[in-house]
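**Student:** Pasting a structure here, questions to come.
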Amino acid sequence: MANFSHGDQTFKILAGILAGSALAILFVAGYTLLTGALPVLQTFGTYFFIGTNWNPVVGREIFGALPYLLGTLVTSAIALIIGVPISLGIAIFLSEMSPRRVSVPISYLVELLAAVPSVVYGLWGVFVFRFYVIDYIEKPLSDYLGWIPTFSGTPFGLDVLSAGIILSIMIIPTVSSISREIITAVPNSIREGAYSIGATRWEVIRNWVITYGRSGIFGAVILGLGRAVGETMAVTMVIGNTVGPAAVPTSLLKGGQTMASLIANGFIEASPGTLEISAYIGIGLLLMIVALIINIAAQVLVTRVLKVKGGAVE
């Protein structure tokens, strides 16, 4: 018994160390970004977060991150608006409606999309997909809704809308795969009880299956959002990469940048030890803060919104 007790204690300590390593990595990364960003934060203060100008020329440096923060939020929102309904539709079809001989190969194909490198999505977006976006999405939007500032501008295909659509495609494997597993894990007794009181298949899926697994589905959506917020190469290749006030996403049909694409475009060319390097590190710090806020907000919503009287649905 003493040996077993000693083994349990050792395992507990090792597990605690491994769990603590995640927090250690987070704190080390945050500390590194904060120290690297201090020069630009001390120079520009709050302007760094609310300013729109970005000029790295020595002697005239000015750095404002607001256009790139907004670009990140807008492209991620487009990705969720388009990608989440498609992902849920795929998950419901594969888990509730399709026969096994159909669901198994389609599931493999959907999961393979997650293995495609982001640069491949970017190349496909630049050389193939953007022309379909121009002809079938952006031109109709510009022709019929161009009087609305959100859809004003000349359709070019390398803009905020294209980046958001590419991101929506990229998050589909993550959201659909996890949602499918959550829906599959719902006990059959839930479905049988609903059918026994005369519910239709649609009512069973909407009112019982999705309700039972909604906390897990919400978690899948947050994972997809995290992928969209941090995506770099594919967005960099299709978003247009404008800088300064022109990068503010006032229209979906104009170029912009996200925080990740800005870092990818300029960090390598910046001279070490300059204020420009500190500005890019500050953008990385802001990106990390946004990701943390998203995850914390998601946890709050899961614990508050998804509670049911008499106990929480897990």
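A note on labels: chains of the structure tokens are A, B, ... as shown, every chain counts residues from 1, and ligands are counted from 1 in their shown order.
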List every residue of segment 187-235 of chain A that has an atom at most 10 Å from any atom of segment 165-176 of chain A, giving for each one its closest atom pair and the distance in Å to one decimal, counting only C-alpha atoms, sorted by chain and then by ascending residue number, as CSV.
**Tutor:**
```
residue,atom,partner,partner_atom,distance
A:Ile217,CA,A:Val175,CA,7.8
A:Phe218,CA,A:Val175,CA,9.2
A:Gly219,CA,A:Val175,CA,8.8
A:Ala220,CA,A:Val175,CA,5.0
A:Val221,CA,A:Val175,CA,5.8
A:Ile222,CA,A:Val175,CA,8.6
A:Leu223,CA,A:Val175,CA,7.3
A:Gly224,CA,A:Ile171,CA,5.1
A:Leu225,CA,A:Ile171,CA,7.6
A:Gly226,CA,A:Ile171,CA,9.2
A:Arg227,CA,A:Ile171,CA,6.7
A:Ala228,CA,A:Leu167,CA,5.9
A:Val229,CA,A:Leu167,CA,9.1
A:Glu231,CA,A:Leu167,CA,7.8
A:Ala234,CA,A:Ile166,CA,7.5
A:Val235,CA,A:Leu167,CA,7.5
```
**Student:** Selection from above, N, CA and C atoms, as a tab-separated table (two decimals), in the first residue's frame, can you write it?
**Tutor:**
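This is the output file selection_4.tsv:
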```
chain	number	residue	atom	x	y	z
A	217	ILE	N	-20.88	22.67	-28.23
A	217	ILE	CA	-20.93	23.32	-29.54
A	217	ILE	C	-20.41	24.76	-29.43
A	218	PHE	N	-20.78	25.43	-28.36
A	218	PHE	CA	-20.28	26.78	-28.15
A	218	PHE	C	-18.76	26.78	-28.01
A	219	GLY	N	-18.22	25.78	-27.33
A	219	GLY	CA	-16.78	25.65	-27.23
A	219	GLY	C	-16.13	25.45	-28.59
A	220	ALA	N	-16.77	24.67	-29.45
A	220	ALA	CA	-16.25	24.46	-30.80
A	220	ALA	C	-16.22	25.77	-31.58
A	221	VAL	N	-17.26	26.58	-31.41
A	221	VAL	CA	-17.31	27.89	-32.09
A	221	VAL	C	-16.17	28.78	-31.61
A	222	ILE	N	-15.89	28.76	-30.31
A	222	ILE	CA	-14.81	29.58	-29.76
A	222	ILE	C	-13.46	29.11	-30.28
A	223	LEU	N	-13.27	27.81	-30.43
A	223	LEU	CA	-12.03	27.31	-31.01
A	223	LEU	C	-11.89	27.78	-32.46
A	224	GLY	N	-12.99	27.77	-33.19
A	224	GLY	CA	-12.95	28.28	-34.56
A	224	GLY	C	-12.63	29.77	-34.59
A	225	LEU	N	-13.20	30.53	-33.64
A	225	LEU	CA	-12.91	31.95	-33.56
A	225	LEU	C	-11.44	32.19	-33.25
A	226	GLY	N	-10.88	31.37	-32.36
A	226	GLY	CA	-9.45	31.50	-32.06
A	226	GLY	C	-8.59	31.24	-33.29
A	227	ARG	N	-9.00	30.28	-34.11
A	227	ARG	CA	-8.27	30.02	-35.36
A	227	ARG	C	-8.36	31.23	-36.30
A	228	ALA	N	-9.54	31.82	-36.38
A	228	ALA	CA	-9.73	32.95	-37.28
A	228	ALA	C	-8.95	34.18	-36.82
A	229	VAL	N	-8.94	34.44	-35.51
A	229	VAL	CA	-8.25	35.62	-34.99
A	229	VAL	C	-6.75	35.54	-35.24
A	231	GLU	N	-5.07	33.58	-37.52
A	231	GLU	CA	-4.62	33.14	-38.84
A	231	GLU	C	-3.78	34.23	-39.51
A	234	ALA	N	-2.83	32.96	-44.94
A	234	ALA	CA	-3.94	33.02	-45.89
A	234	ALA	C	-4.54	34.42	-45.94
A	235	VAL	N	-4.71	35.03	-44.77
A	235	VAL	CA	-5.26	36.38	-44.70
A	235	VAL	C	-4.31	37.38	-45.35
```
**Student:** Give the strand (DSSP E) residues of segment 50-143 of chain A, as DSSP finds them on the backbone, and put them as a ChimeraX atom specification.
**Tutor:** /A:54-55,62-63
**Student:** May I have the selected residues written with C-alpha atoms, as a PDB file, in the first residue's frame?
**Tutor:**
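Written out: out_28.pdb:
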```pdb
ATOM      1  CA  TRP A  54       1.375  53.838 -39.219  1.00  0.00           C
ATOM      2  CA  ASN A  55       4.645  55.375 -40.427  1.00  0.00           C
ATOM      3  CA  ILE A  62       4.062  57.072 -35.566  1.00  0.00           C
ATOM      4  CA  PHE A  63       2.219  53.851 -34.824  1.00  0.00           C
TER       5      PHE A  63
END
```
**Student:** As a PDB file with N, CA and C atoms, in the first residue's frame, please: the residues near Trp202 of chain A (cut-off 12 Å, only C-alpha atoms, same-chain neighbours under 6 positions excluded).
**Tutor:**
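Contents of selection-v4.pdb, freshly written:
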```
ATOM      1  N   ILE A  92     -24.715  18.171 -38.141  1.00  0.00           N
ATOM      2  CA  ILE A  92     -26.045  17.581 -37.969  1.00  0.00           C
ATOM      3  C   ILE A  92     -26.306  16.527 -39.031  1.00  0.00           C
ATOM      4  N   PHE A  93     -25.938  16.825 -40.279  1.00  0.00           N
ATOM      5  CA  PHE A  93     -26.161  15.855 -41.355  1.00  0.00           C
ATOM      6  C   PHE A  93     -25.373  14.570 -41.112  1.00  0.00           C
ATOM      7  N   GLU A  96     -26.780  12.826 -37.640  1.00  0.00           N
ATOM      8  CA  GLU A  96     -28.193  12.545 -37.429  1.00  0.00           C
ATOM      9  C   GLU A  96     -28.925  12.020 -38.659  1.00  0.00           C
ATOM     10  N   MET A  97     -28.425  12.281 -39.855  1.00  0.00           N
ATOM     11  CA  MET A  97     -29.217  12.002 -41.050  1.00  0.00           C
ATOM     12  C   MET A  97     -28.567  11.038 -42.034  1.00  0.00           C
ATOM     13  N   ARG A 191     -33.144  11.352 -27.515  1.00  0.00           N
ATOM     14  CA  ARG A 191     -33.871  11.317 -28.784  1.00  0.00           C
ATOM     15  C   ARG A 191     -35.132  10.456 -28.662  1.00  0.00           C
ATOM     16  N   ALA A 194     -37.906  12.184 -26.869  1.00  0.00           N
ATOM     17  CA  ALA A 194     -38.536  13.229 -27.674  1.00  0.00           C
ATOM     18  C   ALA A 194     -39.452  12.630 -28.734  1.00  0.00           C
ATOM     19  N   TYR A 195     -38.972  11.570 -29.399  1.00  0.00           N
ATOM     20  CA  TYR A 195     -39.811  10.927 -30.412  1.00  0.00           C
ATOM     21  C   TYR A 195     -41.071  10.319 -29.796  1.00  0.00           C
ATOM     22  N   TRP A 208     -33.804  19.334 -28.490  1.00  0.00           N
ATOM     23  CA  TRP A 208     -33.230  18.400 -27.532  1.00  0.00           C
ATOM     24  C   TRP A 208     -31.742  18.151 -27.780  1.00  0.00           C
ATOM     25  N   VAL A 209     -31.395  17.739 -28.984  1.00  0.00           N
ATOM     26  CA  VAL A 209     -30.006  17.363 -29.241  1.00  0.00           C
ATOM     27  C   VAL A 209     -29.073  18.570 -29.120  1.00  0.00           C
ATOM     28  N   ILE A 210     -29.382  19.631 -29.837  1.00  0.00           N
ATOM     29  CA  ILE A 210     -28.517  20.818 -29.799  1.00  0.00           C
ATOM     30  C   ILE A 210     -28.560  21.471 -28.419  1.00  0.00           C
TER      31      ILE A 210
END
```
**Student:** What residues in segment 205-306 of chain A get the DSSP label helix (DSSP H, G or I)? Please answer as a PyMOL selection string.
**Tutor:** chain A and resi 205-212+214-230+233-238+244-247+259-266+275-305
**Student:** Could you name the residues that touch Ser261 of chain A at 8 Å or less, counting only C-alpha atoms, but leaving out those on the same chain fewer than 6 positions away, as a PyMOL selection string?
**Tutor:** chain A and resi 232-233+235-236+241
**Student:** Closest to Ala247 of chain A among A:Ile281, A:Leu70, A:Ala291, A:Ile50, using only C-alpha atoms?
**Tutor:**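 The answer is A:Leu70, which sits nearest to Ala247 of chain A.
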**Student:** Please measure the separation of atom CA of Thr75 of chain A and atom CA of Gly157 of chain A, giving the value in Å to one decimal.
**Tutor:** 14.2 Å
**Student:** Choose the residue, out of A:Ile293, A:Leu18, A:Val120, A:Leu158, that has the smallest atom-to-atom separation from Tyr132 of chain A; count only C-alpha atoms.
**Tutor:**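 Smallest separation from Tyr132 of chain A among the options: A:Leu158.
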**Student:** Given the choices A:Ile239, A:Leu286, A:Leu253, A:Ala79, which gets closest to Gly153 of chain A if the distance is worked out from only C-alpha atoms?
**Tutor:** A:Leu253
**Student:** When distances are computed from only C-alpha atoms, which of A:Ile81, A:Ala65, A:Ile137, A:Leu88 shows the smallest separation from Ile205 of chain A?
**Tutor:** A:Leu88
**Student:** Would you compute the distance between atom CA of Pro155 of chain A and atom CA of Ser142 of chain A? Give it in Å to one decimal.
**Tutor:**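 Computed distance, atom CA of Pro155 of chain A to atom CA of Ser142 of chain A, equals 7.2 Å.
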**Student:** Of the residues A:Gly198, A:Pro249, A:Gly83, A:Gly266, which is the one nearest to Tyr68 of chain A, using only C-alpha atoms?
**Tutor:**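 Closest to Tyr68 of chain A, using only C-alpha atoms: A:Pro249.
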**Student:** Given only C-alpha atoms as the basis, pick out the residue of A:Thr200, A:Ser179, A:Thr258, A:Ser271 nearest to Ser76 of chain A.
**Tutor:**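 Smallest distance to Ser76 of chain A is found for A:Thr258.
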**Student:** So the first atom is atom CA of Ala279 of chain A and the second is atom CA of Met259 of chain A; what is the distance between them in Å, to one decimal place?
**Tutor:**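 Taking atom CA of Ala279 of chain A as the start and atom CA of Met259 of chain A as the end point, the length is 11.2 Å.
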